[in-house]
$ cat coords_15.cif   # mmCIF, C-alpha atoms and all ligand atoms
data_work
#
loop_
_atom_site.label_atom_id
_atom_site.label_comp_id
_atom_site.auth_asym_id
_atom_site.auth_seq_id
_atom_site.Cartn_x
_atom_site.Cartn_y
_atom_site.Cartn_z
CA MET H 1 -15.00 184.99 168.37
CA SER H 2 -13.72 182.78 165.60
CA ILE H 3 -10.40 183.95 164.18
CA ALA H 4 -8.92 182.61 160.93
CA ALA H 5 -5.22 181.82 160.49
CA THR H 6 -5.16 184.30 157.59
CA ARG H 7 -6.72 187.76 157.57
CA LEU H 8 -7.01 190.64 155.14
CA GLY H 9 -4.69 193.59 155.64
CA PRO H 10 -5.86 197.15 154.93
CA ASP H 11 -4.65 196.91 151.33
CA GLY H 12 -6.95 193.90 150.80
CA ILE H 13 -3.88 191.64 150.78
CA ALA H 14 -4.07 188.34 152.67
CA VAL H 15 -1.67 188.14 155.59
CA PRO H 16 -1.16 185.41 158.19
CA ALA H 17 -2.73 186.26 161.57
CA ILE H 18 0.57 185.37 163.32
CA GLY H 19 4.08 186.10 162.04
CA PHE H 20 7.46 184.71 163.05
CA GLY H 21 10.00 187.15 164.54
CA THR H 22 13.51 186.43 163.29
CA TYR H 23 15.68 188.63 165.53
CA PRO H 24 18.41 187.66 166.53
CA LEU H 25 18.52 184.46 164.44
CA ARG H 26 21.68 184.43 162.31
CA GLY H 27 24.15 182.03 160.74
CA ASP H 28 23.53 178.33 160.25
CA ASP H 29 21.58 178.05 163.52
CA GLY H 30 19.44 180.97 162.38
CA VAL H 31 18.67 179.29 159.04
CA THR H 32 17.74 176.09 160.90
CA ALA H 33 15.40 177.92 163.31
CA ILE H 34 13.71 179.93 160.54
CA ALA H 35 13.34 176.86 158.29
CA SER H 36 11.82 175.04 161.27
CA ALA H 37 9.29 177.85 161.66
CA LEU H 38 8.27 177.41 158.02
CA GLU H 39 8.06 173.65 158.48
CA VAL H 40 5.71 173.95 161.46
CA GLY H 41 3.47 176.31 159.47
CA TYR H 42 4.53 179.98 159.72
CA ARG H 43 3.99 181.88 156.48
CA PHE H 44 4.97 185.40 157.64
CA LEU H 45 8.61 186.18 158.42
CA ASP H 46 9.60 189.49 160.05
CA THR H 47 13.17 190.65 159.43
CA ALA H 48 15.02 193.99 159.17
CA VAL H 49 18.18 195.34 157.59
CA ASN H 50 19.49 195.89 161.12
CA TYR H 51 18.93 192.23 162.10
CA ARG H 52 21.63 191.37 159.53
CA ASN H 53 19.79 188.13 158.75
CA GLU H 54 17.93 188.84 155.50
CA ARG H 55 20.26 186.35 153.76
CA GLU H 56 19.39 183.70 156.37
CA VAL H 57 15.65 184.37 155.93
CA ALA H 58 15.92 183.84 152.17
CA GLU H 59 18.10 180.76 152.62
CA ALA H 60 15.61 179.26 155.10
CA ILE H 61 12.75 179.72 152.65
CA ARG H 62 14.73 177.95 149.93
CA ALA H 63 15.79 175.19 152.36
CA SER H 64 12.20 174.63 153.53
CA GLY H 65 10.89 174.00 150.02
CA VAL H 66 7.92 176.30 150.72
CA PRO H 67 7.22 178.29 147.52
CA ARG H 68 8.32 181.91 147.91
CA GLU H 69 4.86 183.23 146.95
CA GLU H 70 3.34 181.40 149.93
CA VAL H 71 5.48 183.39 152.39
CA PHE H 72 4.74 186.96 153.48
CA ILE H 73 8.23 188.49 153.76
CA GLN H 74 8.65 191.76 155.65
CA THR H 75 11.80 193.80 156.21
CA LYS H 76 12.53 197.24 157.71
CA ILE H 77 14.50 200.29 156.58
CA PRO H 78 17.15 201.45 159.11
CA GLY H 79 17.58 205.07 160.18
CA ARG H 80 20.76 205.50 158.15
CA ASP H 81 18.75 204.80 154.97
CA HIS H 82 15.87 207.23 155.52
CA ARG H 83 17.07 209.47 152.69
CA SER H 84 17.52 206.50 150.35
CA SER H 85 14.74 204.10 151.36
CA ARG H 86 14.04 202.81 147.86
CA ARG H 87 17.75 202.01 147.36
CA SER H 88 17.79 200.30 150.77
CA LEU H 89 14.83 198.15 149.75
CA GLU H 90 16.55 197.29 146.45
CA ALA H 91 19.65 196.22 148.39
CA SER H 92 17.47 193.95 150.58
CA LEU H 93 16.03 192.36 147.43
CA THR H 94 19.56 191.74 146.13
CA ILE H 95 20.69 190.17 149.43
CA MET H 96 17.63 187.94 149.50
CA GLY H 97 17.70 187.07 145.80
CA LEU H 98 14.07 188.16 145.43
CA ASP H 99 12.27 190.36 142.94
CA TYR H 100 9.64 191.67 145.36
CA LEU H 101 8.91 191.93 149.07
CA ASP H 102 5.49 191.61 150.69
CA SER H 103 6.00 194.42 153.18
CA VAL H 104 8.62 197.02 154.03
CA LEU H 105 8.43 199.20 157.17
CA ILE H 106 10.32 202.27 158.35
CA HIS H 107 11.95 200.72 161.44
CA TRP H 108 11.93 203.79 163.76
CA PRO H 109 10.89 207.39 163.03
CA ASN H 110 14.20 208.80 164.42
CA PRO H 111 12.69 212.28 164.76
CA SER H 112 16.02 214.09 165.23
CA GLN H 113 17.04 213.04 161.70
CA ASP H 114 13.86 214.65 160.37
CA ALA H 115 13.82 212.34 157.34
CA TYR H 116 11.06 209.82 157.96
CA VAL H 117 8.70 211.63 155.57
CA THR H 118 11.40 211.32 152.87
CA ALA H 119 11.74 207.63 153.76
CA TRP H 120 7.97 207.22 153.38
CA GLU H 121 8.02 208.90 149.94
CA GLY H 122 10.74 206.45 148.86
CA LEU H 123 8.62 203.50 149.95
CA ILE H 124 5.63 204.86 148.02
CA ASP H 125 7.85 205.03 144.91
CA ALA H 126 9.05 201.49 145.47
CA ARG H 127 5.50 200.20 145.82
CA GLU H 128 4.48 201.99 142.62
CA ALA H 129 7.45 200.33 140.88
CA GLY H 130 6.21 196.89 142.00
CA LEU H 131 9.17 196.19 144.32
CA VAL H 132 6.94 195.73 147.37
CA ARG H 133 3.25 194.85 147.78
CA THR H 134 2.47 196.75 151.00
CA ILE H 135 4.28 199.48 152.95
CA GLY H 136 4.10 200.48 156.57
CA VAL H 137 5.91 201.78 159.60
CA SER H 138 7.15 200.62 162.98
CA ASN H 139 7.30 202.47 166.28
CA PHE H 140 5.29 205.41 164.94
CA ALA H 141 3.25 207.54 167.36
CA ALA H 142 0.13 209.41 166.24
CA HIS H 143 1.98 212.61 165.33
CA HIS H 144 4.51 210.69 163.17
CA LEU H 145 1.56 209.05 161.38
CA ASP H 146 -0.02 212.50 160.90
CA ALA H 147 3.18 213.83 159.34
CA ILE H 148 3.52 211.11 156.70
CA THR H 149 -0.15 210.97 155.79
CA GLU H 150 -0.48 214.75 155.58
CA ALA H 151 2.60 214.95 153.32
CA THR H 152 1.65 212.11 150.98
CA GLU H 153 -2.02 211.18 151.52
CA VAL H 154 -0.85 207.57 151.73
CA THR H 155 -1.76 205.69 154.93
CA PRO H 156 0.57 202.89 156.05
CA ALA H 157 -0.86 199.38 155.94
CA TRP H 158 0.93 198.43 159.19
CA ASN H 159 2.29 199.98 162.36
CA GLN H 160 4.50 197.47 164.20
CA ILE H 161 4.81 198.52 167.84
CA GLU H 162 5.85 197.12 171.21
CA ILE H 163 2.81 195.35 172.69
CA HIS H 164 2.69 192.73 175.43
CA PRO H 165 0.60 192.44 178.60
CA LEU H 166 2.85 194.79 180.59
CA PHE H 167 2.60 197.40 177.81
CA PRO H 168 -0.72 196.90 175.99
CA GLN H 169 -0.76 200.27 174.14
CA ALA H 170 -4.56 200.59 174.07
CA GLU H 171 -4.36 204.18 172.85
CA GLN H 172 -2.01 203.62 169.90
CA LEU H 173 -3.91 200.46 169.01
CA ALA H 174 -7.18 202.45 168.82
CA ASP H 175 -5.47 205.26 166.91
CA ASN H 176 -4.07 202.81 164.35
CA ALA H 177 -7.53 201.21 163.94
CA GLU H 178 -9.21 204.58 163.42
CA ARG H 179 -6.78 205.30 160.59
CA GLY H 180 -7.37 201.87 158.99
CA ILE H 181 -3.87 200.69 159.95
CA THR H 182 -3.40 197.06 161.08
CA THR H 183 -1.23 196.75 164.19
CA GLN H 184 1.60 194.23 164.48
CA ALA H 185 3.13 193.50 167.90
CA TRP H 186 6.86 193.19 168.52
CA SER H 187 8.06 191.28 171.62
CA PRO H 188 4.47 190.00 171.84
CA LEU H 189 5.19 187.66 174.76
CA GLY H 190 7.17 190.29 176.64
CA LYS H 191 10.51 188.69 175.76
CA THR H 192 12.44 188.09 179.00
CA SER H 193 9.72 189.80 181.08
CA ALA H 194 6.88 187.55 179.89
CA PRO H 195 4.27 187.61 182.69
CA PHE H 196 3.59 183.86 182.54
CA ASP H 197 3.05 183.59 186.32
CA GLU H 198 0.64 186.52 186.65
CA PRO H 199 -2.77 185.15 187.78
CA ALA H 200 -4.57 186.85 184.85
CA VAL H 201 -2.43 184.78 182.46
CA ALA H 202 -1.87 181.62 184.50
CA ASP H 203 -5.54 181.25 185.47
CA ALA H 204 -6.70 181.62 181.86
CA ALA H 205 -4.09 179.03 180.84
CA ALA H 206 -5.47 176.59 183.42
CA THR H 207 -9.08 177.30 182.41
CA HIS H 208 -8.43 176.64 178.72
CA ASP H 209 -5.80 173.92 179.22
CA VAL H 210 -3.20 175.81 177.18
CA SER H 211 0.18 177.39 178.01
CA PRO H 212 0.60 180.97 179.31
CA ALA H 213 2.31 181.88 176.01
CA GLN H 214 -0.72 180.62 174.08
CA VAL H 215 -2.99 182.75 176.29
CA ILE H 216 -0.94 185.88 175.54
CA LEU H 217 -0.88 185.21 171.79
CA ARG H 218 -4.63 184.61 171.77
CA TRP H 219 -5.06 187.90 173.71
CA HIS H 220 -3.28 189.67 170.80
CA LEU H 221 -5.52 188.03 168.19
CA GLN H 222 -8.69 188.98 170.07
CA ARG H 223 -7.46 192.60 170.25
CA GLY H 224 -7.06 192.59 166.45
CA VAL H 225 -3.25 192.53 166.57
CA ILE H 226 -0.80 190.42 164.52
CA PRO H 227 1.79 189.06 167.01
CA LEU H 228 5.31 188.20 165.85
CA PRO H 229 6.68 185.72 168.42
CA LYS H 230 10.24 184.45 168.07
CA SER H 231 11.39 181.03 169.23
CA THR H 232 14.36 178.80 168.44
CA SER H 233 12.48 175.69 169.56
CA ALA H 234 10.30 173.82 167.05
CA GLU H 235 8.02 172.76 169.88
CA ARG H 236 7.46 176.33 171.11
CA GLN H 237 7.15 177.58 167.51
CA ARG H 238 4.40 175.03 166.95
CA SER H 239 2.51 175.75 170.17
CA ASN H 240 2.75 179.52 169.55
CA LEU H 241 0.84 178.94 166.29
CA ASP H 242 -1.73 176.65 167.89
CA VAL H 243 -4.02 179.34 169.29
CA PHE H 244 -7.06 179.08 167.04
CA GLY H 245 -8.89 176.35 169.01
CA PHE H 246 -9.91 178.27 172.14
CA GLU H 247 -11.34 181.65 173.01
CA LEU H 248 -10.71 184.00 175.94
CA SER H 249 -13.72 185.65 177.55
CA ALA H 250 -14.01 189.44 177.46
CA ASP H 251 -13.18 189.45 181.19
CA GLU H 252 -10.03 187.38 180.64
CA VAL H 253 -8.90 189.75 177.87
CA ALA H 254 -9.57 192.75 180.13
CA ALA H 255 -7.70 191.19 183.08
CA ILE H 256 -4.61 190.62 180.92
CA THR H 257 -4.80 194.16 179.53
CA ALA H 258 -5.03 195.42 183.14
CA LEU H 259 -1.47 194.10 183.74
CA GLY H 260 -0.28 197.11 181.72
CA ARG H 261 1.93 199.68 183.45
CA ALA H 262 3.04 203.13 182.35
CA ASP H 263 6.65 201.96 182.77
CA GLY H 264 6.00 198.58 181.14
CA ARG H 265 8.27 199.06 178.12
CA LEU H 266 11.03 196.43 177.83
CA PHE H 267 13.63 199.16 177.37
CA ASP H 268 13.37 202.88 176.84
CA GLY H 269 11.84 202.43 173.37
CA ASP H 270 9.86 205.66 173.30
CA PRO H 271 9.63 206.59 169.60
CA ASP H 272 10.00 210.29 170.43
CA THR H 273 13.41 209.75 172.00
CA HIS H 274 14.77 206.30 171.08
CA GLU H 275 16.58 206.26 167.75
CA GLU H 276 18.26 203.45 165.82
CA MET H 277 20.50 203.99 162.86
N1 LIG H 301 10.13 196.76 165.25
C1 LIG H 301 10.93 196.72 166.28
O1 LIG H 301 11.49 197.77 166.70
C2 LIG H 301 11.19 195.42 166.97
C3 LIG H 301 11.82 195.39 168.22
C4 LIG H 301 11.99 194.14 168.85
C5 LIG H 301 11.55 192.96 168.22
N2 LIG H 301 10.96 193.04 166.98
C6 LIG H 301 10.43 191.82 166.30
O2 LIG H 301 9.62 191.09 167.23
C7 LIG H 301 10.07 189.73 167.26
C8 LIG H 301 9.77 189.08 168.59
O3 LIG H 301 10.30 189.85 169.65
P1 LIG H 301 11.22 189.28 170.83
O4 LIG H 301 12.01 188.13 170.36
O5 LIG H 301 11.91 190.47 171.37
O6 LIG H 301 10.18 188.82 171.94
P2 LIG H 301 9.11 187.66 172.14
O7 LIG H 301 8.76 187.00 170.85
O8 LIG H 301 8.05 188.27 172.97
O9 LIG H 301 9.88 186.65 173.09
C9 LIG H 301 10.88 185.80 172.64
C10 LIG H 301 11.40 185.05 173.86
O10 LIG H 301 10.37 184.22 174.40
C11 LIG H 301 10.78 182.87 174.38
N3 LIG H 301 9.61 182.07 173.98
C12 LIG H 301 9.04 181.99 172.76
N4 LIG H 301 7.96 181.19 172.78
C13 LIG H 301 7.83 180.75 174.06
C14 LIG H 301 6.93 179.89 174.71
N5 LIG H 301 5.91 179.31 174.05
N6 LIG H 301 7.10 179.65 176.03
C15 LIG H 301 8.13 180.22 176.71
N7 LIG H 301 9.02 181.04 176.15
C16 LIG H 301 8.88 181.31 174.83
C17 LIG H 301 11.92 182.79 173.39
O11 LIG H 301 12.84 181.80 173.77
P3 LIG H 301 13.20 180.56 172.78
O12 LIG H 301 13.73 181.14 171.52
O13 LIG H 301 14.21 179.80 173.56
O14 LIG H 301 11.91 179.80 172.60
C18 LIG H 301 12.56 184.18 173.53
O15 LIG H 301 13.43 184.20 174.65
C19 LIG H 301 11.57 189.84 166.94
O16 LIG H 301 12.09 188.61 166.55
C20 LIG H 301 11.54 190.86 165.83
O17 LIG H 301 11.14 190.23 164.62
C21 LIG H 301 10.77 194.25 166.36
#
$ encode --input "coords_15.cif" --output "structure tokens" --more "lines below"
Ligand SMILES: NC(=O)c1ccc[n+]([C@@H]2O[C@H](COP(=O)([O-])OP(=O)(O)OC[C@H]3O[C@@H](n4cnc5c(N)ncnc54)[C@H](OP(=O)(O)O)[C@@H]3O)[C@@H](O)[C@H]2O)c1
Amino acid sequence: MSIAATRLGPDGIAVPAIGFGTYPLRGDDGVTAIASALEVGYRFLDTAVNYRNEREVAEAIRASGVPREEVFIQTKIPGRDHRSSRRSLEASLTIMGLDYLDSVLIHWPNPSQDAYVTAWEGLIDAREAGLVRTIGVSNFAAHHLDAITEATEVTPAWNQIEIHPLFPQAEQLADNAERGITTQAWSPLGKTSAPFDEPAVADAAATHDVSPAQVILRWHLQRGVIPLPKSTSAERQRSNLDVFGFELSADEVAAITALGRADGRLFDGDPDTHEEM
């Protein structure tokens, strides 16, 4: 299976096959790490209002010298802004000194607020006004996706969800695909619980002469997912992007997926109960 470094999203817009996660990179060190990511070749930066680093993301792009239009910039609307999502997006543009974003997501559905449909309507408005090229969601389960598409007839381009080998989310991945939604993975390596020593990962790394992290990122690509790894190290940033020169067998992919556990979430991030303002 040959996989290109750039793919087409559901809106027919080109998007890098791997993005760079920017949480919790802040301050001067944050700018340095994000600029390094751009220098080693990332062209997709994932931020959020709640990461409080949109300014650093914009500064890193300017510092890197990479033209803004070559970078796919994505932010996320926090729960407290669900009833004013277009204004929230406009505030992000002001902080970043930009006149458009490439993608904006609703960060969490926060069902008890009962306002994520309103947030979605605001993002549709913003897209129609040319403030953002694509719109999507994060941490949405099937019934949250039903609610926004039934209310507006607009399907999100993206659903960014927790996916790593201990929590592979086969069902939500298939549900997203059936709806024509491209899945992005947060904590794609498994953050502090990365299963680098598990035989399914370590054996594939030895077979292909790559690192366990490269095996996991390749596993995402072969499942059709856009992973968003974060690293402060230029060397790890570079190797996390260098996953287009080998291919896992179907059995290797299946063995890594089989590491999944019902309790494999990194924290209790169940979108029906976990809320972030
Ligand atoms: N939508 C959401 O609700 C949500 C939630 C969580 C995260 N996110 C997004 O997902 C991004 C990534 O998530 P994450 O940072 O939680 O997890 P992650 O990318 O799975 O893991 C990051 C950790 O792995 C280490 N690491 C990176 N590359 C490595 C390599 N090649 N070998 C060994 N260790 C490596 C990093 O350390 P070093 O930095 O020292 O390399 C860091 O400790 C975030 O930055 C954010 O953009 C979104």
$ residues_near_ligand --input "coords_15.cif" --ligand "ligand LIG 301 (chain H)" --cutoff "9 Å" --atoms "all atoms listed in the file" --output "PyMOL selection string"
chain H and resi 19-25+33+45-48+51+76+105-108+137-139+159-164+184-194+196+211-214+227-240+266+269+276
$ closest_residue --input "coords_15.cif" --among "H:Val132, H:Met96, H:Met1, H:Ala206" --to "Phe246 of chain H" --atoms "all atoms listed in the file"
H:Met1
$ residues_around --input "coords_15.cif" --residues "Val31 of chain H" --least-positions-apart "3" --cutoff "8 Å" --atoms "all atoms listed in the file" --output "ChimeraX atom specification"
/H:25-28,34-35,56-57,59-60
$ residues_around --input "coords_15.cif" --residues "Val243 of chain H" --least-positions-apart "6" --cutoff "9 Å" --atoms "all atoms listed in the file" --output "VMD selection string"
chain H and resid 210 214 to 215 217 to 218 221
$ residues_around --input "coords_15.cif" --residues "segment 115-128 of chain H" --least-positions-apart "4" --cutoff "8 Å" --atoms "all atoms listed in the file" --output "CSV table (one decimal) with C-alpha atoms, in the coordinates of the input"
chain,number,residue,atom,x,y,z
H,81,ASP,CA,18.8,204.8,155.0
H,82,HIS,CA,15.9,207.2,155.5
H,83,ARG,CA,17.1,209.5,152.7
H,84,SER,CA,17.5,206.5,150.4
H,85,SER,CA,14.7,204.1,151.4
H,86,ARG,CA,14.0,202.8,147.9
H,89,LEU,CA,14.8,198.2,149.8
H,104,VAL,CA,8.6,197.0,154.0
H,106,ILE,CA,10.3,202.3,158.4
H,109,PRO,CA,10.9,207.4,163.0
H,110,ASN,CA,14.2,208.8,164.4
H,111,PRO,CA,12.7,212.3,164.8
H,132,VAL,CA,6.9,195.7,147.4
H,133,ARG,CA,3.2,194.8,147.8
H,134,THR,CA,2.5,196.8,151.0
H,135,ILE,CA,4.3,199.5,153.0
H,147,ALA,CA,3.2,213.8,159.3
H,148,ILE,CA,3.5,211.1,156.7
H,151,ALA,CA,2.6,215.0,153.3
H,152,THR,CA,1.6,212.1,151.0
H,154,VAL,CA,-0.8,207.6,151.7
$ residues_around --input "coords_15.cif" --residues "Pro168 of chain H" --least-positions-apart "5" --cutoff "9 Å" --atoms "all atoms listed in the file" --output "mmCIF file with C-alpha atoms, in the frame of the given file"
data_model
loop_
_atom_site.group_PDB
_atom_site.id
_atom_site.type_symbol
_atom_site.label_atom_id
_atom_site.label_comp_id
_atom_site.auth_asym_id
_atom_site.auth_seq_id
_atom_site.Cartn_x
_atom_site.Cartn_y
_atom_site.Cartn_z
ATOM 1 C CA GLU H 162 5.850 197.120 171.210
ATOM 2 C CA ILE H 163 2.810 195.350 172.690
ATOM 3 C CA LEU H 173 -3.910 200.460 169.010
ATOM 4 C CA ILE H 256 -4.610 190.620 180.920
ATOM 5 C CA THR H 257 -4.800 194.160 179.530
ATOM 6 C CA ALA H 258 -5.030 195.420 183.140
ATOM 7 C CA LEU H 259 -1.470 194.100 183.740
ATOM 8 C CA GLY H 260 -0.280 197.110 181.720
ATOM 9 C CA ARG H 261 1.930 199.680 183.450
ATOM 10 C CA GLY H 264 6.000 198.580 181.140
#
$ atom_distance --input "coords_15.cif" --atom1 "atom CA of Ala204 of chain H" --atom2 "atom CA of His220 of chain H"
14.1 Å
$ atom_distance --input "coords_15.cif" --atom1 "atom CA of Asp11 of chain H" --atom2 "atom CA of Ala170 of chain H"
23.0 Å
$ closest_residue --input "coords_15.cif" --among "H:Thr183, H:Asn53, H:Ala129, H:Arg43" --to "Asp29 of chain H" --atoms "only C-alpha atoms"
H:Asn53
$ closest_residue --input "coords_15.cif" --among "H:Ala262, H:Val40, H:Leu8, H:Met277" --to "Ala157 of chain H" --atoms "all atoms listed in the file"
H:Leu8
$ atom_distance --input "coords_15.cif" --atom1 "atom CA of Glu90 of chain H" --atom2 "atom CA of Gly180 of chain H"
27.4 Å
$ closest_residue --input "coords_15.cif" --among "H:Glu252, H:Asp242, H:Asp175, H:Asp146" --to "Pro199 of chain H" --atoms "only C-alpha atoms"
H:Glu252
$ closest_residue --input "coords_15.cif" --among "H:Leu131, H:Gln113, H:Ile226, H:Arg62" --to "Ala91 of chain H" --atoms "only C-alpha atoms"
H:Leu131
$ closest_residue --input "coords_15.cif" --among "H:Pro156, H:Gly9, H:Pro271, H:Gly245" --to "Ala141 of chain H" --atoms "only C-alpha atoms"
H:Pro271
$ decode --input "coords_15.cif" --residues "segment 216-232 of chain H" --atoms "N, CA and C atoms" --output "mmCIF file, in the first residue's frame"
data_model
loop_
_atom_site.group_PDB
_atom_site.id
_atom_site.type_symbol
_atom_site.label_atom_id
_atom_site.label_comp_id
_atom_site.auth_asym_id
_atom_site.auth_seq_id
_atom_site.Cartn_x
_atom_site.Cartn_y
_atom_site.Cartn_z
ATOM 1 N N ILE H 216 3.954 2.524 14.886
ATOM 2 C CA ILE H 216 2.608 2.955 15.306
ATOM 3 C C ILE H 216 2.061 4.027 14.354
ATOM 4 N N LEU H 217 2.920 4.938 13.919
ATOM 5 C CA LEU H 217 2.431 5.989 13.012
ATOM 6 C C LEU H 217 2.062 5.396 11.647
ATOM 7 N N ARG H 218 2.832 4.412 11.203
ATOM 8 C CA ARG H 218 2.500 3.746 9.942
ATOM 9 C C ARG H 218 1.177 2.971 10.075
ATOM 10 N N TRP H 219 0.965 2.361 11.247
ATOM 11 C CA TRP H 219 -0.306 1.655 11.524
ATOM 12 C C TRP H 219 -1.484 2.632 11.347
ATOM 13 N N HIS H 220 -1.348 3.862 11.849
ATOM 14 C CA HIS H 220 -2.417 4.861 11.645
ATOM 15 C C HIS H 220 -2.650 5.110 10.155
ATOM 16 N N LEU H 221 -1.561 5.344 9.424
ATOM 17 C CA LEU H 221 -1.715 5.678 7.992
ATOM 18 C C LEU H 221 -2.425 4.546 7.255
ATOM 19 N N GLN H 222 -2.032 3.298 7.578
ATOM 20 C CA GLN H 222 -2.638 2.170 6.850
ATOM 21 C C GLN H 222 -4.094 1.941 7.265
ATOM 22 N N ARG H 223 -4.514 2.495 8.390
ATOM 23 C CA ARG H 223 -5.929 2.440 8.786
ATOM 24 C C ARG H 223 -6.696 3.662 8.257
ATOM 25 N N GLY H 224 -6.035 4.507 7.488
ATOM 26 C CA GLY H 224 -6.711 5.659 6.889
ATOM 27 C C GLY H 224 -6.817 6.856 7.804
ATOM 28 N N VAL H 225 -6.012 6.877 8.874
ATOM 29 C CA VAL H 225 -6.116 7.920 9.903
ATOM 30 C C VAL H 225 -4.971 8.927 9.754
ATOM 31 N N ILE H 226 -5.251 10.189 10.064
ATOM 32 C CA ILE H 226 -4.208 11.228 10.103
ATOM 33 C C ILE H 226 -3.722 11.349 11.548
ATOM 34 N N PRO H 227 -2.496 10.873 11.866
ATOM 35 C CA PRO H 227 -2.000 11.004 13.235
ATOM 36 C C PRO H 227 -1.383 12.385 13.475
ATOM 37 N N LEU H 228 -1.452 12.826 14.738
ATOM 38 C CA LEU H 228 -0.952 14.160 15.095
ATOM 39 C C LEU H 228 0.071 14.042 16.229
ATOM 40 N N PRO H 229 1.224 13.397 15.967
ATOM 41 C CA PRO H 229 2.190 13.226 17.048
ATOM 42 C C PRO H 229 2.811 14.559 17.475
ATOM 43 N N LYS H 230 3.116 14.638 18.766
ATOM 44 C CA LYS H 230 3.824 15.806 19.309
ATOM 45 C C LYS H 230 5.214 15.359 19.751
ATOM 46 N N SER H 231 6.220 16.173 19.464
ATOM 47 C CA SER H 231 7.537 15.935 20.047
ATOM 48 C C SER H 231 8.286 17.253 20.149
ATOM 49 N N THR H 232 9.070 17.393 21.217
ATOM 50 C CA THR H 232 9.904 18.594 21.360
ATOM 51 C C THR H 232 11.262 18.389 20.689
#
